[in-house]
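> Got a structure here, written out as structure tokens. Questions coming.
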Amino acid sequence: MLTASNTVLTCDKIYVLDKKIYVDSLKSITIQPGTLIKGKEYSTVDSATMLIVQRGGKIFAAGTASCPIVFTGNNDPMDGTYGVSNRGDWGGIALLGKAYNNLVSGQSRYISAGTGFVEGFVNSNSRIYHGAAVADNDDNSGVMSYVSIRHSGSLISAGNEIQGLTMGSVGRGTTIDHIEIISSDDDGIEIFGGTVNMKYVTAMYGADDMIDWDNGWNGKAQFIFGLQPDNTTSPSADNGFEADGDDGTSSPNKSNPTIHNVTMIGNGSTAMAADNSGHAAVEFKDRTDGEIANSIFANFGRGLNLENTGAGSVYDKWKTAGTLKFNCNTFLNTTNGSNGAGAAGTSPMTITDAATLVTVSDTTDLQADGNFHPTAVTGFDWTYAMNTSTNVITDKFDAVPTANVATTCATPADGFFVASAYRGAFASNAKSWLSDWSYLTLVKTTNGNVPCPSDLNNDGVTNNVDFLQLLGQFNVNCQ
């Protein structure tokens with residue numbers, strides 16, 4: 001527990017978390033740009049070292065592109081050589097707020113009306129509660145910007161894990177942008193209810209889903225990038241998105257997020273594990289509405305998977321009610337799709353728990369909504385080879401197409417979303433938002449996501465404009 005009303009971590013020190021640190025209600029923690037926090041190893045899953053911001057507490061972790069804030073394992077030398085196969089060195093970060101959730105009596109983590117406790121803890125106590133009897137959807141848990149969370153996560157039991165970043169009932173007054181999760185031992189980010197919005201978010205090399213939501217999340221997200229680890233050292237890495245409403249309980253209220261401009265690259269695996277059995281780019285399970293649009297998903301075992309358990313299922317919401325929208329998305333190399341209409345690989349769609357699987361009508365409707373399944377996108381390369389113990393790269397991927405992939409789906413004009421008339425997380429003619437600060441600039445696994453030294457005006461390309469800028473500086477005295 002932090003005793004000061006506001007605890008400040010400065011960038012001239014290295015801090016070590018050696019236990020669970022709680023930011024209590026009405027208290028805050030401020031972390032200066034450039035600060036390094038290391039999580040100490042733990043002996044039992046219940047003793048996983050973590051930073052937990054309780055309901056009513058706040059975190060102010062406003063890093064910058066030149067000085068990001070890094071949370072990592074205690075053994076990470078911070079030089080790019082600590083293998084991405086190192087997962088679960090410490091617990092992670094949990095933000096807990098007072099916004100809406102759809103928890104009802106009978107749910108395993110239900111406490112009382114509007115209140116539950118967050119996943120990933122052996123014992124329930126009020127310090128890990130989220131939600132409130134009277135929800136505050138504008139609740140503010142603080143700011144996390146330009147923050148890298150590395151080598152965290154913990155598996156207590158199947159379905160009960162600590163993520164890289166866990167958010168329970170976090171409100172839309174909270175700022176979450178430029179966040180990356182590296183090598184989580186479970187999901188990169190999991191969201192339990194709330195109204196929190198996210199922008200410029202990355203999840204890479206994790207052991208489970210990239211982003212998972214549950215318990216009635218009603219937020220927004222734009223510019224999301226995900227990369228799975230290779231399928232040799234981590235064949236059971238699961239879905240890109242795993243979308244839930246309430247894990248099978250009886251709440252009538254559903255999750256309903258709006259998500260645009262995603263790029264996710266899978267590892268092509270179809271290997272099953274006890275709690276990792278989807279292997280879809282997008283796994284829609286139960287009680288979730290929402291919209292995913294203008295995105296690119298590549299190299300997953302399956303593309304879009306919808307559960308169909310009859311009236312009210314996510315398949316029904318997509319097919320009939322129209323409250324689940326999946327529009328203007330591109331699938332590449334989803335090799336195990338089409339479990340009904342045509343041969344495997346001819347459609348990115350699959351359906352589970354249905355007496356009748358994918359029909360020709362389903363595939364037609366998917367295409368009518370602007371979802372395509374081409375063999376390639378020019379300049380987009382989803383293959384890569386990496387020694388995950390040493391981070392030595394022998395084949396770089398490139399998630400930035402040569403030209404923008406066209407879309408007919410407009411970006412919502414609501415003050416949150418940035419107008420982006422293309423598919424995927426990255427514009428082809430602009431500097432990538434992963435440049436300068438991301439872990440990828442340290443390990444250099446990618447083409448196209450780091451700044452080129454000859455791109456003098458930082459517009460993402462080297463061309464005659466850069467040449468003329470350089471030419472204009474000749475004969476200038478630099479002393």
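Naming scheme: A, B, ... for chains in displayed order of the structure tokens; residues 1 onward per chain; ligands 1 onward as shown.
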For Thr263 in chain A, list every protein, DNA or RNA residue within 7 Å, evaluated using only C-alpha atoms, and leave out those in the same chain fewer than 5 positions away; present the list as a PyMOL selection string.

chain A and resi 224-226+295-297+424-425

> Keeping N, CA, C and O atoms for every residue in the selection just given, could you write it to a file as a JSON list (two decimals), in the first residue's frame?


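What follows is the written file part-v7.json:
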[["chain", "number", "residue", "atom", "x", "y", "z"],
["A", 224, "ILE", "N", -5.02, -0.54, -33.33],
["A", 224, "ILE", "CA", -4.61, -1.68, -32.52],
["A", 224, "ILE", "C", -3.70, -2.56, -33.36],
["A", 224, "ILE", "O", -4.04, -2.90, -34.51],
["A", 225, "PHE", "N", -2.55, -2.95, -32.81],
["A", 225, "PHE", "CA", -1.65, -3.87, -33.51],
["A", 225, "PHE", "C", -1.37, -5.07, -32.62],
["A", 225, "PHE", "O", -1.14, -4.93, -31.42],
["A", 226, "GLY", "N", -1.41, -6.25, -33.21],
["A", 226, "GLY", "CA", -1.11, -7.46, -32.47],
["A", 226, "GLY", "C", -0.24, -8.41, -33.26],
["A", 226, "GLY", "O", -0.37, -8.52, -34.49],
["A", 295, "SER", "N", -10.18, -3.25, -40.77],
["A", 295, "SER", "CA", -9.05, -3.94, -40.14],
["A", 295, "SER", "C", -8.47, -5.01, -41.05],
["A", 295, "SER", "O", -9.09, -5.44, -42.03],
["A", 296, "ILE", "N", -7.24, -5.44, -40.71],
["A", 296, "ILE", "CA", -6.53, -6.50, -41.45],
["A", 296, "ILE", "C", -6.11, -7.57, -40.46],
["A", 296, "ILE", "O", -5.48, -7.28, -39.44],
["A", 297, "PHE", "N", -6.48, -8.83, -40.77],
["A", 297, "PHE", "CA", -6.13, -9.97, -39.93],
["A", 297, "PHE", "C", -5.40, -10.99, -40.80],
["A", 297, "PHE", "O", -5.91, -11.39, -41.85],
["A", 424, "GLY", "N", -6.65, -1.38, -41.57],
["A", 424, "GLY", "CA", -5.45, -1.69, -40.82],
["A", 424, "GLY", "C", -5.05, -0.58, -39.87],
["A", 424, "GLY", "O", -5.62, 0.52, -39.85],
["A", 425, "ALA", "N", -4.03, -0.88, -39.06],
["A", 425, "ALA", "CA", -3.60, 0.03, -38.02],
["A", 425, "ALA", "C", -2.66, 1.12, -38.51],
["A", 425, "ALA", "O", -2.43, 2.10, -37.81]]

> For Thr174 in chain A, which of A:Leu96, A:Ala207, A:Leu332, A:Val147 is the closest residue, counting only C-alpha atoms?

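Of A:Leu96, A:Ala207, A:Leu332, A:Val147, the one nearest Thr174 in chain A is A:Leu96, counting only C-alpha atoms.
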
> Which one is closest to Pro257 in chain A: A:Ser66, A:Ser47, A:Asn197, A:Thr166? Count only C-alpha atoms.

A:Asn197

> Would you mind listing what lies within 9 Å of Gly88 in chain A as a count of residues only, with only C-alpha atoms counted and same-chain residues fewer than 2 positions away left out?

16

> Pick out the closest residue to Ser43 in chain A from this set: A:His260, A:Arg302, A:His178, A:Lys19. Count only C-alpha atoms.

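Among A:His260, A:Arg302, A:His178, A:Lys19, it is A:Lys19 that comes nearest to Ser43 in chain A.
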
> Could you write out, as a PyMOL selection string, all the residues of range 156-198 of chain A that DSSP marks as strand (DSSP E)?

chain A and resi 156-157+160-162+165-168+175-182+189-192+198

> Kindly indicate which residue among A:Gln228, A:Asn137, A:Ser85, A:Thr334 lies nearest to Thr202 in chain A, using only C-alpha atoms for the distances.

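Of A:Gln228, A:Asn137, A:Ser85, A:Thr334, the one nearest Thr202 in chain A is A:Gln228, counting only C-alpha atoms.
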
> I want to know what sits within 7 Å of range 436-450 of chain A, based on only C-alpha atoms, with residues of the same chain fewer than 2 positions away left out; could you give that as a list in words?

Ala65, Ser66, Pro68, Gly80, Asn391, Ile393, Lys396, Phe397, Asp398, Ala399, Val400, Ser432, Leu434 and Cys452 of chain A

> Please list as a ChimeraX atom specification every residue within 8 Å of Ser255 in chain A, counting only C-alpha atoms and excluding residues in the same chain fewer than 2 positions away.

/A:193,213-218,244-245,253,257,287-290

> As a ChimeraX atom specification, please: every residue in range 114-361 of chain A that DSSP puts in alpha helix (DSSP H).

/A:314-316,360-361

> Using only C-alpha atoms, can you tell me which of A:Ala430, A:Ala221, A:Val282, A:Ala133 comes closest to Pro412 in chain A?

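Result for the nearest residue to Pro412 in chain A: A:Ala221.
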
> Between A:His279, A:His130, A:Lys254, A:Lys431, which is the closest to Leu324 in chain A once you count only C-alpha atoms?

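Answer, going by the shortest atom-to-atom distance: A:Lys254.
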
> Would you kindly return, as JSON, numbers by chain, each protein, DNA or RNA residue with an atom no farther than 10 Å from any atom of Ala293 in chain A, considering only C-alpha atoms and excluding same-chain residues fewer than 3 positions away?

{"A": [222, 258, 259, 260, 261, 262, 296, 325, 326, 327, 328, 329, 330, 369, 370, 371, 407, 409, 410, 411, 423, 424]}

> Would you compute the distance between CA of Thr363 in chain A and CA of Glu291 in chain A? Give it in Å to one decimal.

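Spanning CA of Thr363 in chain A to CA of Glu291 in chain A is a straight-line distance of 18.0 Å.
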
> Excluding Arg150 in chain A and residues on its chain fewer than 4 positions from it, collect all residues at most 6 Å away from it, counting only C-alpha atoms, and give them as a CSV table (one decimal) with C-alpha atoms, in the first residue's frame.


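Generated file (around_20.csv):
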chain,number,residue,atom,x,y,z
A,72,THR,CA,9.4,-5.3,-17.1
A,181,ILE,CA,2.1,-5.4,-23.9
A,182,ILE,CA,5.0,-7.6,-24.6
A,183,SER,CA,5.2,-11.4,-23.8
